[in-house]
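Asker: Sending over structure-v3.pdb (PDB, C-alpha atoms).
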MODEL        1
ATOM      1  CA  MET A   1      -0.621 -23.564  -1.243
ATOM      2  CA  PRO A   2       1.904 -21.631  -3.364
ATOM      3  CA  PRO A   3       5.534 -21.621  -2.205
ATOM      4  CA  MET A   4       6.037 -18.874   0.358
ATOM      5  CA  GLU A   5       9.070 -17.404  -1.395
ATOM      6  CA  HIS A   6       6.871 -16.576  -4.380
ATOM      7  CA  VAL A   7       4.625 -14.501  -2.122
ATOM      8  CA  ILE A   8       7.689 -12.716  -0.714
ATOM      9  CA  VAL A   9       8.896 -12.015  -4.265
ATOM     10  CA  LEU A  10       5.441 -10.568  -5.067
ATOM     11  CA  SER A  11       5.766  -8.349  -1.998
ATOM     12  CA  ALA A  12       9.235  -7.193  -3.096
ATOM     13  CA  VAL A  13       8.028  -6.444  -6.648
ATOM     14  CA  LEU A  14       5.062  -4.401  -5.414
ATOM     15  CA  PHE A  15       7.302  -2.524  -2.975
ATOM     16  CA  ALA A  16       9.748  -1.735  -5.790
ATOM     17  CA  ILE A  17       6.948  -0.449  -8.030
ATOM     18  CA  GLY A  18       5.690   1.748  -5.193
ATOM     19  CA  ALA A  19       9.194   3.039  -4.449
ATOM     20  CA  ILE A  20       9.781   3.916  -8.112
ATOM     21  CA  GLY A  21       6.463   5.762  -8.152
ATOM     22  CA  ALA A  22       7.215   7.661  -4.943
ATOM     23  CA  LEU A  23      10.656   8.687  -6.225
ATOM     24  CA  THR A  24       9.899   9.564  -9.853
ATOM     25  CA  ARG A  25       6.389  10.991 -10.019
ATOM     26  CA  ARG A  26       5.898  14.741  -9.644
ATOM     27  CA  ASN A  27       2.192  14.650  -8.825
ATOM     28  CA  LEU A  28       1.661  14.737  -5.055
ATOM     29  CA  ILE A  29      -1.460  12.546  -5.280
ATOM     30  CA  ALA A  30       0.419   9.944  -7.343
ATOM     31  CA  ILE A  31       3.201   9.959  -4.732
ATOM     32  CA  LEU A  32       0.639   9.324  -1.976
ATOM     33  CA  MET A  33      -0.841   6.437  -3.980
ATOM     34  CA  SER A  34       2.626   4.937  -4.452
ATOM     35  CA  ILE A  35       3.206   5.144  -0.695
ATOM     36  CA  GLU A  36      -0.068   3.256  -0.192
ATOM     37  CA  LEU A  37       1.205   0.575  -2.548
ATOM     38  CA  MET A  38       4.452   0.269  -0.564
ATOM     39  CA  LEU A  39       2.501  -0.069   2.699
ATOM     40  CA  ASN A  40       0.408  -2.819   1.111
ATOM     41  CA  ALA A  41       3.513  -4.698   0.000
ATOM     42  CA  VAL A  42       4.814  -4.576   3.572
ATOM     43  CA  ASN A  43       1.431  -5.848   4.818
ATOM     44  CA  LEU A  44       1.752  -8.782   2.454
ATOM     45  CA  ALA A  45       5.190  -9.641   3.859
ATOM     46  CA  PHE A  46       3.813  -9.438   7.423
ATOM     47  CA  LEU A  47       1.012 -11.847   6.522
ATOM     48  CA  VAL A  48       3.434 -14.298   4.882
ATOM     49  CA  PHE A  49       5.519 -14.480   8.034
ATOM     50  CA  ALA A  50       2.390 -14.694  10.225
ATOM     51  CA  ARG A  51       1.234 -17.654   8.113
ATOM     52  CA  MET A  52       4.654 -19.275   8.254
ATOM     53  CA  TRP A  53       4.919 -19.226  12.032
ATOM     54  CA  ALA A  54       1.134 -19.451  12.691
ATOM     55  CA  ASP A  55       1.465 -16.289  14.809
ATOM     56  CA  VAL A  56      -1.385 -13.786  14.983
ATOM     57  CA  THR A  57       0.954 -10.857  15.845
ATOM     58  CA  GLY A  58       1.533 -10.246  12.149
ATOM     59  CA  HIS A  59      -2.200  -9.755  11.644
ATOM     60  CA  ILE A  60      -2.312  -7.194  14.470
ATOM     61  CA  PHE A  61       0.615  -5.381  12.876
ATOM     62  CA  VAL A  62      -1.213  -5.290   9.538
ATOM     63  CA  LEU A  63      -4.291  -3.834  11.266
ATOM     64  CA  MET A  64      -2.126  -1.058  12.722
ATOM     65  CA  VAL A  65      -0.483  -0.383   9.344
ATOM     66  CA  ILE A  66      -3.944  -0.036   7.764
ATOM     67  CA  THR A  67      -4.883   2.434  10.538
ATOM     68  CA  VAL A  68      -1.722   4.480   9.982
ATOM     69  CA  ALA A  69      -2.299   4.422   6.214
ATOM     70  CA  ALA A  70      -5.840   5.741   6.639
ATOM     71  CA  ALA A  71      -4.611   8.526   8.929
ATOM     72  CA  GLU A  72      -1.781   9.339   6.529
ATOM     73  CA  VAL A  73      -4.127   9.598   3.557
ATOM     74  CA  ALA A  74      -6.534  11.864   5.440
ATOM     75  CA  VAL A  75      -3.756  14.261   6.483
ATOM     76  CA  GLY A  76      -1.919  13.985   3.150
ATOM     77  CA  LEU A  77      -4.983  14.836   1.106
ATOM     78  CA  GLY A  78      -5.674  17.742   3.487
ATOM     79  CA  ILE A  79      -2.173  19.000   2.648
ATOM     80  CA  VAL A  80      -2.918  18.516  -1.076
ATOM     81  CA  ILE A  81      -6.072  20.623  -0.781
ATOM     82  CA  ALA A  82      -4.198  23.343   1.128
ATOM     83  CA  LEU A  83      -1.421  23.259  -1.489
ATOM     84  CA  VAL A  84      -3.835  23.590  -4.405
ATOM     85  CA  ARG A  85      -5.559  26.463  -2.625
ATOM     86  CA  ASN A  86      -2.274  28.337  -2.124
ATOM     87  CA  ARG A  87      -0.279  27.361  -5.222
ATOM     88  CA  ASP A  88      -2.914  26.107  -7.673
ATOM     89  CA  SER A  89      -0.760  23.053  -8.418
ATOM     90  CA  VAL A  90      -0.127  19.512  -7.166
ATOM     91  CA  ASN A  91       3.429  19.428  -8.468
ATOM     92  CA  VAL A  92       5.842  18.765  -5.609
ATOM     93  CA  GLU A  93       8.458  21.019  -7.219
ATOM     94  CA  ASP A  94       6.140  23.987  -6.717
ATOM     95  CA  ALA A  95       6.256  23.380  -2.974
ATOM     96  CA  SER A  96       9.980  23.157  -2.330
ATOM     97  CA  LEU A  97      10.173  26.045   0.153
ATOM     98  CA  LEU A  98       9.283  25.803   3.820
ATOM     99  CA  LYS A  99       7.875  29.364   3.825
ATOM    100  CA  TRP A 100       6.319  31.708   1.335
TER     101      TRP A 100
ATOM    102  CA  MET B   1      -0.910 -27.211  -9.304
ATOM    103  CA  THR B   2      -3.799 -26.856  -6.888
ATOM    104  CA  ALA B   3      -6.712 -24.441  -7.171
ATOM    105  CA  THR B   4      -5.229 -22.317  -4.370
ATOM    106  CA  SER B   5      -1.983 -21.885  -6.281
ATOM    107  CA  ILE B   6      -3.801 -20.951  -9.486
ATOM    108  CA  PHE B   7      -5.865 -18.398  -7.564
ATOM    109  CA  PHE B   8      -2.700 -16.975  -5.993
ATOM    110  CA  TYR B   9      -0.825 -16.627  -9.286
ATOM    111  CA  ALA B  10      -3.853 -15.024 -10.965
ATOM    112  CA  CYS B  11      -4.221 -12.504  -8.123
ATOM    113  CA  ALA B  12      -0.467 -11.834  -8.070
ATOM    114  CA  ALA B  13      -0.318 -11.205 -11.825
ATOM    115  CA  LEU B  14      -3.343  -8.906 -11.648
ATOM    116  CA  ALA B  15      -1.807  -7.000  -8.712
ATOM    117  CA  VAL B  16       1.536  -6.465 -10.473
ATOM    118  CA  VAL B  17      -0.059  -5.488 -13.790
ATOM    119  CA  SER B  18      -2.446  -2.992 -12.228
ATOM    120  CA  ALA B  19       0.333  -1.568 -10.022
ATOM    121  CA  LEU B  20       2.442  -1.032 -13.154
ATOM    122  CA  ALA B  21      -0.571   0.552 -14.851
ATOM    123  CA  MET B  22      -0.916   2.890 -11.862
ATOM    124  CA  LEU B  23       2.768   3.784 -12.063
ATOM    125  CA  LEU B  24       2.916   4.319 -15.824
ATOM    126  CA  ASN B  25      -0.388   6.130 -16.240
ATOM    127  CA  VAL B  26       0.820   9.728 -16.048
ATOM    128  CA  ARG B  27      -1.999  11.192 -18.117
ATOM    129  CA  ASN B  28      -5.061  10.532 -16.006
ATOM    130  CA  THR B  29      -4.983  10.557 -12.207
ATOM    131  CA  VAL B  30      -8.502   9.094 -11.897
ATOM    132  CA  ALA B  31      -7.548   6.060 -13.997
ATOM    133  CA  SER B  32      -4.427   5.714 -11.854
ATOM    134  CA  ALA B  33      -6.548   5.613  -8.697
ATOM    135  CA  LEU B  34      -8.867   3.017 -10.261
ATOM    136  CA  CYS B  35      -5.817   0.850 -11.057
ATOM    137  CA  LEU B  36      -4.915   1.167  -7.362
ATOM    138  CA  VAL B  37      -8.376  -0.229  -6.460
ATOM    139  CA  VAL B  38      -7.729  -3.277  -8.662
ATOM    140  CA  THR B  39      -4.343  -3.798  -6.968
ATOM    141  CA  MET B  40      -5.924  -3.612  -3.504
ATOM    142  CA  ILE B  41      -8.703  -6.080  -4.364
ATOM    143  CA  SER B  42      -6.322  -8.610  -5.908
ATOM    144  CA  LEU B  43      -4.056  -8.250  -2.858
ATOM    145  CA  ALA B  44      -7.104  -9.105  -0.727
ATOM    146  CA  GLY B  45      -7.304 -12.317  -2.772
ATOM    147  CA  VAL B  46      -3.655 -13.048  -1.941
ATOM    148  CA  PHE B  47      -4.451 -12.431   1.741
ATOM    149  CA  LEU B  48      -7.185 -15.077   1.492
ATOM    150  CA  VAL B  49      -4.610 -17.580   0.240
ATOM    151  CA  LEU B  50      -2.523 -16.763   3.340
ATOM    152  CA  ASP B  51      -5.487 -17.590   5.655
ATOM    153  CA  ALA B  52      -5.913 -13.941   6.696
ATOM    154  CA  TYR B  53      -9.686 -13.787   6.277
ATOM    155  CA  LEU B  54     -10.381 -10.811   8.545
ATOM    156  CA  ILE B  55      -7.517  -8.792   7.043
ATOM    157  CA  ALA B  56      -8.753  -9.576   3.523
ATOM    158  CA  ALA B  57     -12.218  -8.242   4.365
ATOM    159  CA  LEU B  58     -10.730  -5.150   6.025
ATOM    160  CA  GLN B  59      -8.446  -4.619   3.037
ATOM    161  CA  ILE B  60     -11.434  -4.376   0.712
ATOM    162  CA  MET B  61     -13.478  -2.254   3.137
ATOM    163  CA  VAL B  62     -10.768   0.197   4.226
ATOM    164  CA  TYR B  63      -8.453   0.391   1.211
ATOM    165  CA  ALA B  64     -10.736  -0.180  -1.757
ATOM    166  CA  GLY B  65     -13.791   1.228  -0.015
ATOM    167  CA  ALA B  66     -12.474   4.252   1.873
ATOM    168  CA  ILE B  67      -8.919   5.268   1.056
ATOM    169  CA  VAL B  68      -9.075   5.070  -2.736
ATOM    170  CA  VAL B  69     -12.539   6.660  -2.748
ATOM    171  CA  LEU B  70     -10.975   9.540  -0.806
ATOM    172  CA  PHE B  71      -8.270   9.801  -3.488
ATOM    173  CA  ILE B  72     -10.803   9.853  -6.318
ATOM    174  CA  PHE B  73     -12.943  12.341  -4.397
ATOM    175  CA  VAL B  74     -10.029  14.776  -3.980
ATOM    176  CA  VAL B  75      -8.876  14.369  -7.607
ATOM    177  CA  MET B  76     -12.375  15.125  -8.878
ATOM    178  CA  LEU B  77     -12.906  17.939  -6.353
ATOM    179  CA  LEU B  78      -9.727  19.692  -7.469
ATOM    180  CA  ASN B  79     -10.321  18.830 -11.145
ATOM    181  CA  LEU B  80      -6.795  17.467 -11.585
ATOM    182  CA  ARG B  81      -7.419  15.085 -14.419
ATOM    183  CA  HIS B  82      -4.283  16.025 -16.308
ATOM    184  CA  ASP B  83      -0.964  15.352 -14.688
ATOM    185  CA  ALA B  84       2.318  17.078 -15.375
ATOM    186  CA  PHE B  85       4.633  14.855 -17.360
ATOM    187  CA  ALA B  86       7.719  13.523 -15.668
ATOM    188  CA  PRO B  87      10.929  14.156 -17.607
ATOM    189  CA  ASN B  88      11.486  11.091 -19.756
ATOM    190  CA  ARG B  89      15.237  10.680 -19.913
ATOM    191  CA  LEU B  90      17.917   8.094 -19.129
ATOM    192  CA  ILE B  91      15.793   5.321 -20.682
ATOM    193  CA  PRO B  92      18.741   2.863 -21.158
ATOM    194  CA  VAL B  93      19.860   3.390 -17.559
ATOM    195  CA  LYS B  94      16.326   2.742 -16.267
ATOM    196  CA  PHE B  95      16.064  -0.379 -18.426
ATOM    197  CA  LEU B  96      19.401  -1.652 -17.091
ATOM    198  CA  ALA B  97      18.291  -0.917 -13.524
ATOM    199  CA  CYS B  98      15.092  -2.955 -14.073
ATOM    200  CA  LEU B  99      17.118  -5.871 -15.464
ATOM    201  CA  LEU B 100      19.502  -5.684 -12.494
ATOM    202  CA  GLY B 101      16.574  -5.657 -10.053
ATOM    203  CA  VAL B 102      14.946  -8.683 -11.688
ATOM    204  CA  TRP B 103      18.283 -10.525 -11.654
ATOM    205  CA  ALA B 104      18.749  -9.759  -7.933
ATOM    206  CA  LEU B 105      15.230 -11.042  -7.180
ATOM    207  CA  VAL B 106      15.798 -14.232  -9.157
ATOM    208  CA  ARG B 107      19.004 -14.845  -7.223
ATOM    209  CA  LEU B 108      17.418 -13.980  -3.854
ATOM    210  CA  ALA B 109      14.295 -16.145  -4.170
ATOM    211  CA  PRO B 110      16.122 -19.505  -3.742
ATOM    212  CA  LEU B 111      17.821 -18.066  -0.627
ATOM    213  CA  PHE B 112      14.376 -17.335   0.857
ATOM    214  CA  ALA B 113      13.337 -20.871  -0.007
ATOM    215  CA  ARG B 114      16.398 -22.330   1.681
ATOM    216  CA  TYR B 115      16.333 -20.373   4.940
ATOM    217  CA  LEU B 116      12.607 -20.053   5.591
ATOM    218  CA  PRO B 117      10.869 -22.846   7.479
ATOM    219  CA  ASP B 118       7.901 -24.694   6.048
ATOM    220  CA  PRO B 119       4.524 -23.125   6.851
ATOM    221  CA  ALA B 120       3.352 -24.193  10.298
ATOM    222  CA  THR B 121       0.145 -26.128  10.775
ATOM    223  CA  LEU B 122      -2.531 -23.624  11.679
ATOM    224  CA  PRO B 123      -4.681 -23.746  14.822
ATOM    225  CA  GLU B 124      -8.441 -23.873  14.369
ATOM    226  CA  GLY B 125      -9.902 -20.550  13.218
ATOM    227  CA  PHE B 126      -6.545 -18.879  12.448
ATOM    228  CA  GLY B 127      -7.001 -15.438  10.911
ATOM    229  CA  GLY B 128     -10.735 -15.292  11.577
ATOM    230  CA  TYR B 129     -12.370 -12.443  13.472
ATOM    231  CA  ARG B 130     -12.460 -14.435  16.725
ATOM    232  CA  HIS B 131      -8.766 -15.273  16.697
ATOM    233  CA  VAL B 132      -7.531 -11.816  15.671
ATOM    234  CA  GLY B 133     -10.040  -9.996  17.872
ATOM    235  CA  LEU B 134      -9.047 -12.010  20.934
ATOM    236  CA  ALA B 135      -5.399 -11.053  20.431
ATOM    237  CA  LEU B 136      -6.282  -7.436  19.665
ATOM    238  CA  TYR B 137      -8.343  -6.901  22.818
ATOM    239  CA  THR B 138      -6.100  -8.808  25.238
ATOM    240  CA  ASP B 139      -2.391  -8.806  24.361
ATOM    241  CA  PHE B 140      -2.436  -5.724  22.139
ATOM    242  CA  VAL B 141      -5.020  -3.568  23.883
ATOM    243  CA  LEU B 142      -2.514  -0.746  24.474
ATOM    244  CA  THR B 143      -1.665  -0.679  20.747
ATOM    245  CA  PHE B 144      -5.376  -0.509  20.004
ATOM    246  CA  GLU B 145      -5.817   2.504  22.307
ATOM    247  CA  VAL B 146      -2.790   4.290  20.815
ATOM    248  CA  ALA B 147      -4.275   3.737  17.341
ATOM    249  CA  SER B 148      -7.472   5.451  18.465
ATOM    250  CA  PHE B 149      -5.424   8.472  19.588
ATOM    251  CA  LEU B 150      -3.660   8.469  16.223
ATOM    252  CA  LEU B 151      -6.965   8.512  14.353
ATOM    253  CA  LEU B 152      -8.280  11.336  16.539
ATOM    254  CA  GLY B 153      -5.132  13.377  15.916
ATOM    255  CA  ALA B 154      -5.270  12.722  12.176
ATOM    256  CA  MET B 155      -8.934  13.732  12.049
ATOM    257  CA  VAL B 156      -8.281  17.034  13.854
ATOM    258  CA  GLY B 157      -5.214  17.680  11.696
ATOM    259  CA  ALA B 158      -7.032  16.991   8.427
ATOM    260  CA  VAL B 159      -9.912  19.297   9.373
ATOM    261  CA  MET B 160      -7.501  22.090  10.362
ATOM    262  CA  LEU B 161      -5.455  21.693   7.151
ATOM    263  CA  ALA B 162      -8.439  21.724   4.840
ATOM    264  CA  LYS B 163     -10.121  24.707   6.529
ATOM    265  CA  ARG B 164     -10.091  27.816   4.439
ATOM    266  CA  ARG B 165      -8.922  30.235   7.090
ATOM    267  CA  LEU B 166      -7.361  29.611  10.489
ATOM    268  CA  ASP B 167      -8.787  32.010  13.032
TER     269      ASP B 167
ENDMDL
END
How does the structure come out when it is put into structure tokens?
Answerer:
Amino acid sequence: MPPMEHVIVLSAVLFAIGAIGALTRRNLIAILMSIELMLNAVNLAFLVFARMWADVTGHIFVLMVITVAAAEVAVGLGIVIALVRNRDSVNVEDASLLKW
Amino acid sequence: MTATSIFFYACAALAVVSALAMLLNVRNTVASALCLVVTMISLAGVFLVLDAYLIAALQIMVYAGAIVVLFIFVVMLLNLRHDAFAPNRLIPVKFLACLLGVWALVRLAPLFARYLPDPATLPEGFGGYRHVGLALYTDFVLTFEVASFLLLGAMVGAVMLAKRRLD
């Protein structure tokens, strides 16, 4: 069994990588993938605390996060397809207006 | 060092390296998505170390099997192999920020170690489908139903967004 703080540090590192990706990339698909990475890092933290207190609630929470992530990806990629159809680009800076 | 620890550190290193590869690969979106698959699978290995067997299986099925395949499908459908380059400036500032972040983590990790309790002894079958499923369908049945509404709404929304014309 590795020390639990190492797992939490892994979760923090993955979350930081995802946050950097979500903030610095311009490609909408890359931003969505970075958000997935952040959600996974949070799942890892939930599972660490579930393991530490032997409480199954953390596992239920992770199941719900996976559900929300799947829904988010479906809707997000629908938006990407609509954006490419209207603007012919996946660059977020080409979609900075609420109307066109 | 036990076999479990070695497995954990191998999975953790693979996850961080492939996540960095996903972040830094600005040329090819398909390769970026494949790096994300590697991250998800190695995270499933970490979940196994944490006795979350059902979640590890679902991680591989839902994330590596469905979500990332959806990403790759859309990237190939739209033929978006080449990404726009992000402006590459303020390199020293970014380097300093990385150093500062690593320093903060190194200082924070002993605090976690001091204030977190030792891992509890697990009941029989913890993290298996029986244990998680029993909690999901008794204590958290309302959450489960709300999640089904969420998926229905997302499905309708995705179909409406991707339709060519709304009429």
Asker: Taking the file above as input, evaluate the PyMOL selection byres ((chain A) within 6 of (chain B)) and report the hits as a tab-separated table (two decimals) with C-alpha atoms, keeping the file's coordinate frame.
Answerer:
chain	number	residue	atom	x	y	z
A	1	MET	CA	-0.62	-23.56	-1.24
A	2	PRO	CA	1.90	-21.63	-3.36
A	5	GLU	CA	9.07	-17.40	-1.40
A	21	GLY	CA	6.46	5.76	-8.15
A	52	MET	CA	4.65	-19.27	8.25
A	53	TRP	CA	4.92	-19.23	12.03
A	54	ALA	CA	1.13	-19.45	12.69
A	71	ALA	CA	-4.61	8.53	8.93
A	74	ALA	CA	-6.53	11.86	5.44
A	75	VAL	CA	-3.76	14.26	6.48
A	78	GLY	CA	-5.67	17.74	3.49
A	82	ALA	CA	-4.20	23.34	1.13
Asker: Could you tell me how far CA of Leu14 (chain B) lies from CA of Val38 (chain B), in Å and to one decimal?
Answerer: 7.7 Å
Asker: Suppose a student applies the PyMOL selection byres ((chain A and resi 28-37) around 6) to this structure; what residues should they get, written as a list in words?
Answerer: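 So the PyMOL selection byres ((chain A and resi 28-37) around 6) ends up selecting Gly18, Gly21, Ala22, Asn27, Met38, Leu39, Asn40, Val90 and Val92 of chain A.
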Asker: Could you please determine the separation between CA of Val56 (chain A) and CA of Ala19 (chain A) in Å, to one decimal place?
Answerer: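 Going from CA of Val56 (chain A) over to CA of Ala19 (chain A), I get 27.8 Å.
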Asker: In Å, how far is it from CA of Leu44 (chain A) to CA of Trp103 (chain B)?
Answerer: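 Those two atoms sit 21.8 Å apart.
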Asker: Kindly reconstruct region 89-99 of chain A with all heavy atoms and present the result as a PDB file, keeping the file's coordinate frame.
Answerer:
ATOM      1  N   SER A  89      -1.556  24.088  -7.759  1.00  0.00           N
ATOM      2  CA  SER A  89      -0.760  23.053  -8.418  1.00  0.00           C
ATOM      3  C   SER A  89      -0.601  21.880  -7.463  1.00  0.00           C
ATOM      4  O   SER A  89      -0.620  22.056  -6.242  1.00  0.00           O
ATOM      5  CB  SER A  89       0.606  23.619  -8.788  1.00  0.00           C
ATOM      6  OG  SER A  89       1.541  22.587  -8.870  1.00  0.00           O
ATOM      7  N   VAL A  90      -0.453  20.658  -8.018  1.00  0.00           N
ATOM      8  CA  VAL A  90      -0.127  19.512  -7.166  1.00  0.00           C
ATOM      9  C   VAL A  90       1.280  19.018  -7.455  1.00  0.00           C
ATOM     10  O   VAL A  90       1.646  17.919  -7.059  1.00  0.00           O
ATOM     11  CB  VAL A  90      -1.115  18.339  -7.338  1.00  0.00           C
ATOM     12  CG1 VAL A  90      -2.381  18.583  -6.595  1.00  0.00           C
ATOM     13  CG2 VAL A  90      -1.346  18.040  -8.777  1.00  0.00           C
ATOM     14  N   ASN A  91       2.064  19.831  -8.159  1.00  0.00           N
ATOM     15  CA  ASN A  91       3.429  19.428  -8.468  1.00  0.00           C
ATOM     16  C   ASN A  91       4.302  19.654  -7.238  1.00  0.00           C
ATOM     17  O   ASN A  91       4.292  20.737  -6.653  1.00  0.00           O
ATOM     18  CB  ASN A  91       3.925  20.278  -9.645  1.00  0.00           C
ATOM     19  CG  ASN A  91       5.154  19.689 -10.268  1.00  0.00           C
ATOM     20  OD1 ASN A  91       5.975  19.119  -9.564  1.00  0.00           O
ATOM     21  ND2 ASN A  91       5.267  19.809 -11.559  1.00  0.00           N
ATOM     22  N   VAL A  92       5.045  18.615  -6.834  1.00  0.00           N
ATOM     23  CA  VAL A  92       5.842  18.765  -5.609  1.00  0.00           C
ATOM     24  C   VAL A  92       6.944  19.795  -5.777  1.00  0.00           C
ATOM     25  O   VAL A  92       7.403  20.369  -4.798  1.00  0.00           O
ATOM     26  CB  VAL A  92       6.469  17.430  -5.173  1.00  0.00           C
ATOM     27  CG1 VAL A  92       5.457  16.573  -4.494  1.00  0.00           C
ATOM     28  CG2 VAL A  92       7.097  16.704  -6.323  1.00  0.00           C
ATOM     29  N   GLU A  93       7.377  20.046  -7.032  1.00  0.00           N
ATOM     30  CA  GLU A  93       8.458  21.019  -7.219  1.00  0.00           C
ATOM     31  C   GLU A  93       7.988  22.446  -7.018  1.00  0.00           C
ATOM     32  O   GLU A  93       8.813  23.347  -6.850  1.00  0.00           O
ATOM     33  CB  GLU A  93       9.064  20.844  -8.611  1.00  0.00           C
ATOM     34  CG  GLU A  93       9.934  19.604  -8.669  1.00  0.00           C
ATOM     35  CD  GLU A  93      10.314  19.231 -10.067  1.00  0.00           C
ATOM     36  OE1 GLU A  93       9.729  19.797 -10.993  1.00  0.00           O
ATOM     37  OE2 GLU A  93      11.176  18.357 -10.208  1.00  0.00           O
ATOM     38  N   ASP A  94       6.659  22.655  -7.010  1.00  0.00           N
ATOM     39  CA  ASP A  94       6.140  23.987  -6.717  1.00  0.00           C
ATOM     40  C   ASP A  94       6.060  24.242  -5.222  1.00  0.00           C
ATOM     41  O   ASP A  94       5.706  25.339  -4.802  1.00  0.00           O
ATOM     42  CB  ASP A  94       4.742  24.158  -7.333  1.00  0.00           C
ATOM     43  CG  ASP A  94       4.816  24.189  -8.838  1.00  0.00           C
ATOM     44  OD1 ASP A  94       5.899  24.499  -9.356  1.00  0.00           O
ATOM     45  OD2 ASP A  94       3.805  23.890  -9.488  1.00  0.00           O
ATOM     46  N   ALA A  95       6.358  23.238  -4.424  1.00  0.00           N
ATOM     47  CA  ALA A  95       6.256  23.380  -2.974  1.00  0.00           C
ATOM     48  C   ALA A  95       7.569  23.008  -2.322  1.00  0.00           C
ATOM     49  O   ALA A  95       7.625  22.231  -1.382  1.00  0.00           O
ATOM     50  CB  ALA A  95       5.129  22.514  -2.434  1.00  0.00           C
ATOM     51  N   SER A  96       8.676  23.553  -2.851  1.00  0.00           N
ATOM     52  CA  SER A  96       9.980  23.157  -2.330  1.00  0.00           C
ATOM     53  C   SER A  96      10.483  24.078  -1.233  1.00  0.00           C
ATOM     54  O   SER A  96      11.550  23.838  -0.681  1.00  0.00           O
ATOM     55  CB  SER A  96      10.990  23.117  -3.476  1.00  0.00           C
ATOM     56  OG  SER A  96      10.994  24.355  -4.123  1.00  0.00           O
ATOM     57  N   LEU A  97       9.735  25.140  -0.900  1.00  0.00           N
ATOM     58  CA  LEU A  97      10.173  26.045   0.153  1.00  0.00           C
ATOM     59  C   LEU A  97       9.366  25.787   1.417  1.00  0.00           C
ATOM     60  O   LEU A  97       8.204  25.412   1.357  1.00  0.00           O
ATOM     61  CB  LEU A  97       9.973  27.506  -0.267  1.00  0.00           C
ATOM     62  CG  LEU A  97      10.798  27.966  -1.462  1.00  0.00           C
ATOM     63  CD1 LEU A  97      10.409  29.386  -1.810  1.00  0.00           C
ATOM     64  CD2 LEU A  97      12.268  27.890  -1.144  1.00  0.00           C
ATOM     65  N   LEU A  98       9.999  26.001   2.583  1.00  0.00           N
ATOM     66  CA  LEU A  98       9.283  25.803   3.820  1.00  0.00           C
ATOM     67  C   LEU A  98       8.409  27.002   4.153  1.00  0.00           C
ATOM     68  O   LEU A  98       7.516  26.909   4.970  1.00  0.00           O
ATOM     69  CB  LEU A  98      10.281  25.577   4.961  1.00  0.00           C
ATOM     70  CG  LEU A  98      10.744  24.140   5.139  1.00  0.00           C
ATOM     71  CD1 LEU A  98      11.762  24.074   6.244  1.00  0.00           C
ATOM     72  CD2 LEU A  98       9.575  23.245   5.480  1.00  0.00           C
ATOM     73  N   LYS A  99       8.706  28.184   3.546  1.00  0.00           N
ATOM     74  CA  LYS A  99       7.875  29.364   3.825  1.00  0.00           C
ATOM     75  C   LYS A  99       7.605  30.069   2.521  1.00  0.00           C
ATOM     76  O   LYS A  99       8.309  29.861   1.532  1.00  0.00           O
ATOM     77  CB  LYS A  99       8.608  30.299   4.781  1.00  0.00           C
ATOM     78  CG  LYS A  99       9.933  30.787   4.232  1.00  0.00           C
ATOM     79  CD  LYS A  99      10.526  31.843   5.100  1.00  0.00           C
ATOM     80  CE  LYS A  99      11.773  32.429   4.447  1.00  0.00           C
ATOM     81  NZ  LYS A  99      12.352  33.538   5.183  1.00  0.00           N
TER      82      LYS A  99
END
